[in-house]
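The data block below is coords_26.txt; it holds compact mmCIF, C-alpha atoms.
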```
# COMPACT_ATOMS: atom_id res chain seq x y z
CA MET A 223 269.94 11.42 145.38
CA ALA A 224 266.47 9.97 146.00
CA ALA A 225 265.59 9.75 142.34
CA LYS A 226 267.77 8.21 139.68
CA LEU A 227 269.41 10.44 137.09
CA HIS A 228 269.08 8.95 133.63
CA ARG A 229 271.85 10.17 131.33
CA MET A 230 271.57 9.79 127.57
CA ALA A 231 274.52 10.44 125.25
CA LEU A 232 272.67 11.44 122.09
CA SER A 233 274.67 11.34 118.85
CA ALA A 234 277.92 13.33 118.71
CA VAL A 235 277.90 16.09 121.28
CA ALA A 236 278.27 19.44 119.55
CA ALA A 237 279.39 22.39 121.64
CA VAL A 238 277.63 25.50 120.41
CA GLY A 239 278.96 28.95 121.31
CA LEU A 240 276.64 31.77 122.28
CA ALA A 241 276.17 34.19 119.41
CA ALA A 242 275.30 37.03 121.73
CA VAL A 243 275.79 37.56 125.42
CA ILE A 244 273.39 39.36 127.71
CA THR A 245 274.98 42.06 129.82
CA GLY A 246 276.37 40.52 133.00
CA ALA A 247 276.34 36.96 131.63
CA GLN A 248 279.45 35.01 130.75
CA ALA A 249 280.02 33.62 127.28
CA GLN A 250 279.38 29.90 127.33
CA GLU A 251 279.04 26.79 125.25
CA ILE A 252 275.93 24.61 125.41
CA ASP A 253 276.44 20.88 125.30
CA THR A 254 274.19 19.51 128.06
CA ILE A 255 270.54 20.10 128.97
CA ALA A 256 268.68 18.56 131.91
CA VAL A 257 265.00 18.09 132.70
CA LEU A 258 263.55 17.57 136.17
CA VAL A 259 260.12 15.96 136.60
CA PRO A 260 258.18 15.02 139.75
CA GLU A 261 256.93 11.66 138.48
CA GLN A 262 258.32 9.06 136.11
CA GLY A 263 258.59 9.94 132.45
CA THR A 264 256.24 7.10 131.50
CA ASP A 265 252.87 8.63 132.42
CA TYR A 266 251.65 9.37 128.87
CA GLY A 267 251.22 12.94 130.08
CA TRP A 268 252.98 15.96 131.60
CA ASN A 269 256.09 14.14 132.80
CA GLN A 270 256.57 11.97 129.72
CA GLN A 271 255.97 14.82 127.29
CA GLY A 272 258.58 16.91 129.11
CA VAL A 273 261.17 14.12 129.15
CA ASP A 274 260.48 13.01 125.57
CA ALA A 275 260.66 16.59 124.28
CA THR A 276 263.99 17.19 126.01
CA ARG A 277 265.42 14.02 124.51
CA ALA A 278 264.13 14.94 121.06
CA VAL A 279 265.72 18.38 121.26
CA GLY A 280 268.97 16.87 122.49
CA GLU A 281 269.06 14.44 119.61
CA ALA A 282 268.19 17.09 117.02
CA MET A 283 270.77 19.57 118.31
CA GLY A 284 273.54 17.15 119.25
CA LEU A 285 273.27 17.81 122.98
CA GLU A 286 273.69 15.47 125.91
CA VAL A 287 270.50 15.05 127.96
CA ILE A 288 270.10 14.25 131.65
CA SER A 289 266.60 13.38 132.88
CA ALA A 290 265.97 13.47 136.62
CA GLU A 291 262.69 11.62 137.15
CA GLY A 292 260.49 10.76 140.11
CA LEU A 293 261.68 13.70 142.19
CA GLY A 294 258.34 14.29 143.87
CA TYR A 295 257.00 17.70 144.81
CA GLY A 296 259.37 18.53 147.68
CA ASP A 297 262.70 20.36 147.80
CA VAL A 298 264.64 19.85 144.55
CA ARG A 299 267.51 22.18 145.40
CA PRO A 300 269.98 19.31 146.01
CA THR A 301 269.11 17.80 142.61
CA LEU A 302 269.47 21.15 140.86
CA ARG A 303 272.89 21.67 142.46
CA GLU A 304 273.97 18.17 141.43
CA LEU A 305 272.87 18.70 137.85
CA ALA A 306 274.71 22.03 137.73
CA ALA A 307 277.83 20.32 139.07
CA GLU A 308 277.51 17.60 136.43
CA GLY A 309 277.73 20.20 133.71
CA ALA A 310 274.15 21.04 132.76
CA ASP A 311 274.01 24.31 130.79
CA LEU A 312 270.20 24.51 130.93
CA MET A 313 267.97 22.94 133.59
CA ILE A 314 264.28 22.59 132.69
CA ALA A 315 262.36 22.54 135.99
CA HIS A 316 259.24 20.84 134.66
CA ALA A 317 256.80 21.34 137.55
CA SER A 318 255.10 24.38 139.01
CA GLY A 319 256.32 23.26 142.44
CA TYR A 320 259.91 23.84 141.32
CA ASN A 321 259.51 27.46 140.29
CA THR A 322 260.81 28.87 143.58
CA ALA A 323 263.83 26.62 144.05
CA ALA A 324 265.06 26.72 140.45
CA PRO A 325 265.63 30.51 140.23
CA GLU A 326 267.44 30.39 143.57
CA ILE A 327 269.83 27.72 142.33
CA ALA A 328 270.26 29.53 139.02
CA ALA A 329 271.40 32.63 140.91
CA GLU A 330 273.65 30.48 143.10
CA THR A 331 275.31 28.47 140.31
CA GLY A 332 274.97 30.71 137.26
CA VAL A 333 273.28 27.88 135.32
CA ALA A 334 270.21 28.87 133.29
CA VAL A 335 266.85 27.41 134.31
CA ALA A 336 263.41 27.24 132.73
CA ILE A 337 260.39 27.31 135.05
CA VAL A 338 256.61 27.18 134.71
CA ASP A 339 253.82 29.39 136.06
CA ARG A 340 256.03 32.31 137.17
CA PRO A 341 256.60 34.65 134.20
CA GLU A 342 257.17 37.51 136.62
CA ASP A 343 260.37 35.79 137.82
CA MET A 344 262.20 35.84 134.49
CA VAL A 345 265.80 37.06 134.61
CA PRO A 346 267.64 37.84 131.34
CA GLY A 347 270.23 35.19 130.63
CA LEU A 348 269.31 33.11 133.67
CA VAL A 349 265.60 32.37 134.23
CA ALA A 350 262.95 31.86 131.55
CA ASP A 351 259.30 30.89 132.01
CA TYR A 352 257.17 28.62 129.84
CA THR A 353 253.65 28.84 131.20
CA LEU A 354 251.94 26.90 128.42
CA SER A 355 248.27 26.59 127.59
CA GLY A 356 246.28 24.40 125.24
CA HIS A 357 243.11 26.44 125.72
CA ASP A 358 242.43 26.60 121.97
CA GLY A 359 242.54 22.81 121.80
CA ALA A 360 240.43 22.57 124.95
CA TYR A 361 237.80 24.77 123.28
CA MET A 362 237.57 22.23 120.47
CA ALA A 363 237.41 19.40 123.04
CA GLY A 364 234.51 21.16 124.77
CA MET A 365 232.61 21.44 121.50
CA LEU A 366 233.23 17.76 120.84
CA ALA A 367 232.03 16.74 124.30
CA ALA A 368 228.88 18.86 124.18
CA GLN A 369 227.92 17.41 120.81
CA LEU A 370 228.44 13.80 121.91
CA SER A 371 226.99 13.98 125.42
CA ARG A 372 223.80 11.96 125.88
CA THR A 373 222.95 13.41 129.30
CA GLY A 374 223.80 17.04 128.58
CA THR A 375 226.14 17.05 131.58
CA LEU A 376 229.93 17.23 131.35
CA GLY A 377 232.48 16.84 134.12
CA ILE A 378 235.75 18.73 134.49
CA VAL A 379 238.11 17.15 137.04
CA VAL A 380 241.43 18.79 137.89
CA SER A 381 244.28 17.88 140.24
CA GLY A 382 244.86 21.51 141.19
CA GLU A 383 244.33 24.96 139.77
CA PRO A 384 247.62 26.06 138.18
CA PRO A 385 247.36 28.59 135.32
CA SER A 386 247.70 25.94 132.59
CA TRP A 387 244.85 23.84 133.99
CA ASN A 388 242.69 26.94 134.56
CA SER A 389 243.02 28.18 130.98
CA GLN A 390 242.14 24.76 129.56
CA SER A 391 239.17 24.33 131.91
CA ALA A 392 237.87 27.72 130.80
CA GLY A 393 238.51 26.95 127.13
CA PHE A 394 236.66 23.65 127.47
CA ALA A 395 233.69 25.40 129.11
CA MET A 396 233.56 28.06 126.38
CA GLY A 397 233.68 25.46 123.62
CA ALA A 398 231.01 23.33 125.26
CA ARG A 399 228.69 26.32 125.61
CA ALA A 400 229.35 27.36 122.01
CA ALA A 401 228.08 23.94 120.89
CA ASN A 402 225.26 23.71 123.45
CA PRO A 403 224.37 26.80 125.50
CA ASP A 404 222.31 24.66 127.88
CA VAL A 405 225.06 22.16 128.72
CA ASN A 406 225.56 21.47 132.44
CA LEU A 407 229.20 21.78 133.56
CA LEU A 408 230.33 20.09 136.79
CA TYR A 409 233.73 21.33 137.97
CA ALA A 410 235.62 19.41 140.66
CA VAL A 411 239.09 19.87 142.16
CA ILE A 412 240.80 16.85 143.72
CA GLY A 413 243.01 19.00 145.94
CA PRO A 414 245.22 22.09 145.90
CA ALA A 415 248.20 20.12 144.50
CA ALA A 416 246.88 16.58 144.04
CA TYR A 417 248.78 15.90 140.81
CA ALA A 418 249.84 12.36 141.78
CA ASP A 419 246.70 11.42 143.75
CA ALA A 420 245.26 8.56 141.68
CA ALA A 421 242.90 7.49 144.47
CA GLY A 422 241.56 11.03 144.73
CA GLY A 423 241.21 11.20 140.97
CA LYS A 424 239.09 8.05 141.00
CA ARG A 425 236.92 9.22 143.90
CA VAL A 426 236.22 12.69 142.51
CA THR A 427 235.57 11.42 138.99
CA GLU A 428 233.08 8.89 140.36
CA SER A 429 231.30 11.77 142.07
CA VAL A 430 230.86 13.79 138.87
CA ILE A 431 229.63 10.68 137.04
CA ALA A 432 227.13 10.09 139.83
CA ALA A 433 225.97 13.69 139.37
CA GLY A 434 225.16 13.00 135.70
CA ALA A 435 228.33 13.49 133.66
CA ASP A 436 228.79 11.06 130.78
CA ILE A 437 231.97 12.73 129.43
CA VAL A 438 234.81 13.83 131.72
CA PHE A 439 237.58 16.29 130.86
CA GLY A 440 240.47 15.37 133.16
CA GLN A 441 243.66 17.26 133.95
CA GLY A 442 245.79 15.52 136.50
CA ASP A 443 249.22 14.00 135.74
CA GLY A 444 249.39 10.81 137.86
CA SER A 445 245.89 11.34 139.23
CA THR A 446 244.61 10.86 135.68
CA PHE A 447 245.06 7.10 136.06
CA GLY A 448 242.45 7.20 138.83
CA MET A 449 240.13 9.18 136.59
CA LEU A 450 240.50 6.51 133.92
CA GLN A 451 239.67 3.78 136.45
CA ALA A 452 236.47 5.61 137.31
CA VAL A 453 235.25 6.01 133.73
CA GLU A 454 236.13 2.39 132.99
CA THR A 455 234.17 0.98 135.93
CA VAL A 456 231.26 3.35 136.61
CA PRO A 457 228.38 3.64 134.11
CA ALA A 458 226.73 6.95 133.31
CA ALA A 459 223.31 7.87 134.73
CA ASP A 460 221.66 6.49 131.58
CA GLY A 461 223.50 3.19 131.98
CA GLY A 462 225.80 3.86 129.03
CA LYS A 463 229.53 4.26 128.71
CA VAL A 464 231.39 7.25 130.18
CA LEU A 465 234.01 8.77 127.88
CA PHE A 466 237.20 10.59 128.89
CA ILE A 467 239.09 13.52 127.37
CA ASP A 468 242.72 13.71 128.48
CA VAL A 469 245.36 16.44 128.21
CA ILE A 470 249.01 16.79 127.16
CA GLY A 471 249.72 13.16 126.17
CA ASP A 472 248.19 10.28 124.24
CA LYS A 473 246.99 7.35 126.34
CA SER A 474 245.65 5.37 123.35
CA GLU A 475 248.14 2.60 124.12
CA ILE A 476 246.44 1.84 127.45
CA ASP A 477 242.88 2.78 126.49
CA LYS A 478 240.12 0.26 127.21
CA GLY A 479 237.59 1.92 124.94
CA HIS A 480 236.78 5.04 126.96
CA LEU A 481 239.29 7.58 125.58
CA LEU A 482 237.38 10.07 123.45
CA SER A 483 240.22 12.51 122.79
CA SER A 484 243.12 14.43 124.29
CA VAL A 485 244.41 17.98 124.04
CA VAL A 486 247.94 16.93 123.10
CA TRP A 487 250.93 19.19 123.72
CA ASN A 488 254.21 19.04 121.82
CA MET A 489 256.94 20.83 123.79
CA VAL A 490 259.74 20.24 121.28
CA PRO A 491 259.29 23.70 119.65
CA VAL A 492 259.35 25.31 123.10
CA TYR A 493 262.51 23.60 124.31
CA SER A 494 264.19 24.14 120.94
CA ALA A 495 263.44 27.86 121.20
CA MET A 496 264.96 27.93 124.70
CA VAL A 497 268.24 26.53 123.44
CA GLU A 498 268.26 28.92 120.50
CA ASP A 499 267.55 31.82 122.85
CA LEU A 500 270.48 30.83 125.04
CA LYS A 501 272.62 30.87 121.92
CA SER A 502 271.31 34.24 120.73
CA GLY A 503 271.33 35.97 124.10
CA THR A 504 267.56 36.43 124.44
CA PHE A 505 266.91 33.69 127.02
CA GLY A 506 264.87 35.05 129.91
CA THR A 507 263.50 37.99 127.92
CA VAL A 508 260.66 36.25 126.09
CA GLY A 509 257.93 33.80 127.04
CA TYR A 510 256.93 30.69 125.15
CA ALA A 511 253.60 29.43 123.84
CA ILE A 512 252.08 26.39 122.20
CA GLN A 513 249.41 26.77 119.54
CA LEU A 514 247.19 25.11 116.99
CA ALA A 515 248.92 26.78 114.04
CA ASP A 516 252.15 24.77 114.31
CA ASP A 517 250.52 21.64 115.77
CA SER A 518 252.24 22.11 119.12
CA VAL A 519 248.62 21.81 120.29
CA GLN A 520 246.53 19.11 118.62
CA LEU A 521 243.22 17.40 119.30
CA LEU A 522 243.59 13.62 119.31
CA ARG A 523 241.19 11.77 117.04
CA THR A 524 239.86 8.38 118.13
CA ALA A 525 237.33 5.96 116.67
CA HIS A 526 234.57 7.65 118.72
CA ILE A 527 234.75 10.72 116.43
CA SER A 528 232.94 10.46 113.10
CA ASP A 529 234.27 11.88 109.84
CA GLU A 530 231.54 14.53 109.82
CA MET A 531 232.23 15.61 113.39
CA TRP A 532 235.99 15.70 112.80
CA ALA A 533 235.52 17.85 109.70
CA GLY A 534 233.50 20.29 111.78
CA LEU A 535 236.21 20.43 114.43
CA MET A 536 238.88 21.06 111.81
CA ASP A 537 236.78 23.94 110.50
CA VAL A 538 236.71 25.38 114.02
CA ARG A 539 240.49 24.91 114.24
CA ALA A 540 240.95 26.87 111.01
CA LYS A 541 238.74 29.68 112.30
CA ILE A 542 240.66 29.89 115.58
CA ILE A 543 243.96 30.10 113.69
CA ALA A 544 242.54 32.78 111.39
CA GLY A 545 241.26 34.79 114.35
CA GLU A 546 237.62 34.35 113.40
CA ILE A 547 237.00 32.57 116.71
CA GLU A 548 238.79 34.04 119.71
CA VAL A 549 239.46 31.87 122.76
CA PRO A 550 240.81 34.02 125.60
CA ALA A 551 243.28 32.53 128.04
CA VAL A 552 241.72 32.59 131.52
CA TRP A 553 244.45 32.07 134.10
CA GLU A 554 242.64 32.73 137.40
CA ALA A 555 240.75 29.97 139.23
CA THR A 556 238.01 32.37 140.39
CA GLU A 557 237.20 33.23 136.78
CA VAL A 558 237.15 29.55 135.84
CA ARG A 559 234.70 28.68 138.61
CA ALA A 560 232.41 31.48 137.49
CA LEU A 561 232.00 29.73 134.13
CA MET A 562 230.74 26.49 135.66
CA SER A 563 227.23 25.31 136.49
CA SER A 564 228.34 23.52 139.68
CA VAL A 565 231.64 23.76 141.54
CA ASP A 566 233.23 21.40 144.05
CA ALA A 567 236.62 22.98 144.60
CA ALA A 568 239.33 22.51 147.19
CA GLU A 569 239.98 25.67 149.16
```

Entire entry expressed as structure tokens:
Amino acid sequence: MAAKLHRMALSAVAAVGLAAVITGAQAQEIDTIAVLVPEQGTDYGWNQQGVDATRAVGEAMGLEVISAEGLGYGDVRPTLRELAAEGADLMIAHASGYNTAAPEIAAETGVAVAIVDRPEDMVPGLVADYTLSGHDGAYMAGMLAAQLSRTGTLGIVVSGEPPSWNSQSAGFAMGARAANPDVNLLYAVIGPAAYADAAGGKRVTESVIAAGADIVFGQGDGSTFGMLQAVETVPAADGGKVLFIDVIGDKSEIDKGHLLSSVVWNMVPVYSAMVEDLKSGTFGTVGYAIQLADDSVQLLRTAHISDEMWAGLMDVRAKIIAGEIEVPAVWEATEVRALMSSVDAAE
């Protein structure tokens, strides 16, 4: 196998019987879960949050965890087959590029899989989808950025246009316009699937800074490190510092003073629910969501955010939870582009 499989024996392994069995599925015990990620689980973002959440669920539920990291974005069928042969009872295919192969291998091996960005492919007892969105948190991030921007221009840089990125880009735009209707929004796509393209992330982020952005909202996995290089080395049009808003993880540990915030995701509740659904017989019949109400979506606070501004954002959070502010989930790229002032998108 090209990528190394990291196996963790977490506490005493407890075999848990299924409480209910979906028609056509065999009764089973769950003692091992696996997660597959395209990059290493040390990126302070999508890959790390997926790996860390799987390990946390394994530890909490007494399950063995296998993490297959650095698999890239090619054919993962051999890895899925190997994990199934090693005894995985649930394989979490944590990349949109895996959502075709994983259901095929699930049908072939009978091992349950979880995929992203293909809710239409759910199969009771076998295939579940977790197309997640932090658009509510992104709305708050947009408000924050619009209030702090000196130039009145914000950049949104994405490594592709999957549904999760689209909904957050739209949420950010809506929040920014709610705070400042005249804000200028520059939207740039590194490439159709440029998740690991750090050089492209740097180049495209430099271009939106050159066009006037002094705060950049970046969604990119590995390409995010290139975005960070750009904001750390290129001044804004007014000569001041460019700030960066990240997604999914917390890069405070490697921040050089430019991290304004992050729309942080916690996938532990999602993966826990998957295991419980396998046990109850509802796996593959329900989708999963993250939200502000249970802190599975949170806005990261840094020293750049004053007490007064943070209090205002928390008031917005409360209103979103109460339904007083509605932030629709916009999944389609065409609708996202329509919200922007200027678009530089990969076709």

Using Å and a single decimal, report how far CA of Ala555 in chain A sits from CA of Ala495 in chain A.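 Separation of CA of Ala495 in chain A and CA of Ala555 in chain A: 29.1 Å.
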
Could you give me, as an mmCIF file with C-alpha atoms, in the frame of the given file, the residues within 8 Å of range 523-525 of chain A, counting all atoms listed in the file and dropping anything in the same chain fewer than 3 positions from it?
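So selection_6.cif came out as:
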```cif
data_model
loop_
_atom_site.group_PDB
_atom_site.id
_atom_site.type_symbol
_atom_site.label_atom_id
_atom_site.label_comp_id
_atom_site.auth_asym_id
_atom_site.auth_seq_id
_atom_site.Cartn_x
_atom_site.Cartn_y
_atom_site.Cartn_z
ATOM 1 C CA LEU A 481 239.290 7.580 125.580
ATOM 2 C CA LEU A 482 237.380 10.070 123.450
ATOM 3 C CA SER A 483 240.220 12.510 122.790
ATOM 4 C CA SER A 484 243.120 14.430 124.290
ATOM 5 C CA SER A 528 232.940 10.460 113.100
ATOM 6 C CA TRP A 532 235.990 15.700 112.800
#
```

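Those residues that approach Pro260 in chain A to within 8 Å, counting all atoms listed in the file, are Asn269, Glu291, Gly292, Leu293, Gly294, Tyr295, His316 and Ala317 of chain A; same-chain residues fewer than 4 positions away are not listed.
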
Kindly assemble as a Markdown table a list of the range 493-545 of chain A residues that lie within 10 Å of range 454-471 of chain A, each paired with its nearest atom pair and their distance in Å to one decimal, using all atoms listed in the file, sorted first by chain and then by ascending residue number.
```
| residue | atom | partner | partner_atom | distance |
| --- | --- | --- | --- | --- |
| A:Val519 | CA | A:Ile470 | CA | 8.5 |
| A:Gln520 | CA | A:Ile470 | CA | 9.2 |
| A:Leu521 | CA | A:Val469 | CA | 9.2 |
| A:Leu522 | CA | A:Gly471 | CA | 9.2 |
| A:His526 | CA | A:Leu465 | CA | 9.2 |
```

Can you tell me, as a ChimeraX atom specification, which residues sit within 7 Å of (265.4, 25.4, 131.6) in the file's frame, using only C-alpha atoms? /A:312-315,334-337,350

Polymer residues at most 10 Å from (265.6, 21.1, 145.2) by all atoms listed in the file, as a PyMOL selection string: chain A and resi 258+293+295-304+315+319-320+322-324+326-327

CA of Ile512 in chain A and CA of Gly422 in chain A, how far apart in Å?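 Computing it gives 29.2 Å between the two atoms.
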
Between CA of Ile527 in chain A and CA of Gly364 in chain A, what is the distance, to one decimal in Å?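 Those two atoms sit 13.4 Å apart.
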
Leaving out range 434-443 of chain A and any residue of its chain fewer than 5 positions from it, which residues lie within 9 Å of it when counting all atoms listed in the file, given as a PDB file with C-alpha atoms, in the coordinates of the input?
```
ATOM      1  CA  GLU A 261     256.930  11.660 138.480  1.00  0.00           C
ATOM      2  CA  ASP A 265     252.870   8.630 132.420  1.00  0.00           C
ATOM      3  CA  TYR A 266     251.650   9.370 128.870  1.00  0.00           C
ATOM      4  CA  GLY A 267     251.220  12.940 130.080  1.00  0.00           C
ATOM      5  CA  TRP A 268     252.980  15.960 131.600  1.00  0.00           C
ATOM      6  CA  ASN A 269     256.090  14.140 132.800  1.00  0.00           C
ATOM      7  CA  ALA A 363     237.410  19.400 123.040  1.00  0.00           C
ATOM      8  CA  GLY A 364     234.510  21.160 124.770  1.00  0.00           C
ATOM      9  CA  ALA A 367     232.030  16.740 124.300  1.00  0.00           C
ATOM     10  CA  ALA A 368     228.880  18.860 124.180  1.00  0.00           C
ATOM     11  CA  LEU A 370     228.440  13.800 121.910  1.00  0.00           C
ATOM     12  CA  SER A 371     226.990  13.980 125.420  1.00  0.00           C
ATOM     13  CA  ARG A 372     223.800  11.960 125.880  1.00  0.00           C
ATOM     14  CA  THR A 373     222.950  13.410 129.300  1.00  0.00           C
ATOM     15  CA  GLY A 374     223.800  17.040 128.580  1.00  0.00           C
ATOM     16  CA  THR A 375     226.140  17.050 131.580  1.00  0.00           C
ATOM     17  CA  LEU A 376     229.930  17.230 131.350  1.00  0.00           C
ATOM     18  CA  GLY A 377     232.480  16.840 134.120  1.00  0.00           C
ATOM     19  CA  ILE A 378     235.750  18.730 134.490  1.00  0.00           C
ATOM     20  CA  VAL A 379     238.110  17.150 137.040  1.00  0.00           C
ATOM     21  CA  VAL A 380     241.430  18.790 137.890  1.00  0.00           C
ATOM     22  CA  SER A 381     244.280  17.880 140.240  1.00  0.00           C
ATOM     23  CA  GLY A 382     244.860  21.510 141.190  1.00  0.00           C
ATOM     24  CA  TRP A 387     244.850  23.840 133.990  1.00  0.00           C
ATOM     25  CA  GLN A 390     242.140  24.760 129.560  1.00  0.00           C
ATOM     26  CA  SER A 391     239.170  24.330 131.910  1.00  0.00           C
ATOM     27  CA  PHE A 394     236.660  23.650 127.470  1.00  0.00           C
ATOM     28  CA  ASN A 406     225.560  21.470 132.440  1.00  0.00           C
ATOM     29  CA  LEU A 407     229.200  21.780 133.560  1.00  0.00           C
ATOM     30  CA  LEU A 408     230.330  20.090 136.790  1.00  0.00           C
ATOM     31  CA  ILE A 412     240.800  16.850 143.720  1.00  0.00           C
ATOM     32  CA  ALA A 416     246.880  16.580 144.040  1.00  0.00           C
ATOM     33  CA  TYR A 417     248.780  15.900 140.810  1.00  0.00           C
ATOM     34  CA  ALA A 418     249.840  12.360 141.780  1.00  0.00           C
ATOM     35  CA  ASP A 419     246.700  11.420 143.750  1.00  0.00           C
ATOM     36  CA  ALA A 420     245.260   8.560 141.680  1.00  0.00           C
ATOM     37  CA  GLY A 423     241.210  11.200 140.970  1.00  0.00           C
ATOM     38  CA  THR A 427     235.570  11.420 138.990  1.00  0.00           C
ATOM     39  CA  SER A 429     231.300  11.770 142.070  1.00  0.00           C
ATOM     40  CA  MET A 449     240.130   9.180 136.590  1.00  0.00           C
ATOM     41  CA  LEU A 450     240.500   6.510 133.920  1.00  0.00           C
ATOM     42  CA  VAL A 453     235.250   6.010 133.730  1.00  0.00           C
ATOM     43  CA  PRO A 457     228.380   3.640 134.110  1.00  0.00           C
ATOM     44  CA  ALA A 458     226.730   6.950 133.310  1.00  0.00           C
ATOM     45  CA  ALA A 459     223.310   7.870 134.730  1.00  0.00           C
ATOM     46  CA  ASP A 460     221.660   6.490 131.580  1.00  0.00           C
ATOM     47  CA  GLY A 462     225.800   3.860 129.030  1.00  0.00           C
ATOM     48  CA  LYS A 463     229.530   4.260 128.710  1.00  0.00           C
ATOM     49  CA  VAL A 464     231.390   7.250 130.180  1.00  0.00           C
ATOM     50  CA  LEU A 465     234.010   8.770 127.880  1.00  0.00           C
ATOM     51  CA  PHE A 466     237.200  10.590 128.890  1.00  0.00           C
ATOM     52  CA  ILE A 467     239.090  13.520 127.370  1.00  0.00           C
ATOM     53  CA  ASP A 468     242.720  13.710 128.480  1.00  0.00           C
ATOM     54  CA  VAL A 469     245.360  16.440 128.210  1.00  0.00           C
ATOM     55  CA  ILE A 470     249.010  16.790 127.160  1.00  0.00           C
ATOM     56  CA  LEU A 482     237.380  10.070 123.450  1.00  0.00           C
ATOM     57  CA  SER A 484     243.120  14.430 124.290  1.00  0.00           C
TER      58      SER A 484
END
```

With all atoms listed in the file as the atoms that count, which of A:Gly393, A:Glu554, A:Asp358, A:Ser289 lies nearest to Val538 in chain A? A:Asp358

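Comparing the minimum interatomic distances between Ala275 in chain A and each of A:Ala432, A:Ala328, A:Val411, A:Val287, counting only C-alpha atoms, we find that A:Val287 sits nearest.
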
Just the residues within 9 Å of Pro341 in chain A, please, counting only C-alpha atoms, with nothing from its chain fewer than 6 positions along; format it as a PDB file with C-alpha atoms, in the frame of the given file.
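Printed below is result_34.pdb as written:
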```pdb
ATOM      1  CA  ALA A 350     262.950  31.860 131.550  1.00  0.00           C
ATOM      2  CA  ASP A 351     259.300  30.890 132.010  1.00  0.00           C
ATOM      3  CA  TYR A 352     257.170  28.620 129.840  1.00  0.00           C
ATOM      4  CA  THR A 353     253.650  28.840 131.200  1.00  0.00           C
ATOM      5  CA  GLY A 509     257.930  33.800 127.040  1.00  0.00           C
TER       6      GLY A 509
END
```

Leu354 in chain A surroundings by all atoms listed in the file, 8 Å radius, close-in-sequence under 5 positions cut, as a list in words: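 Selected residues are Val338, Ser386, Tyr510, Ala511 and Ile512 of chain A.
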
I need the residue nearest Ala395 in chain A from this list: A:Val430, A:Lys424, A:Asp477, A:Gly359. Use only C-alpha atoms for the distance.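 That would be A:Gly359, the residue with the smallest distance to Ala395 in chain A.
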
From the list A:Ala360, A:Val333, A:Ala415, A:Ile542, which residue is nearest Leu500 in chain A when using all atoms listed in the file? A:Val333

Ranking A:Val486, A:Val549, A:Val558, A:Ala278 by minimum distance to His357 in chain A and counting all atoms listed in the file, which one comes first? A:Val549
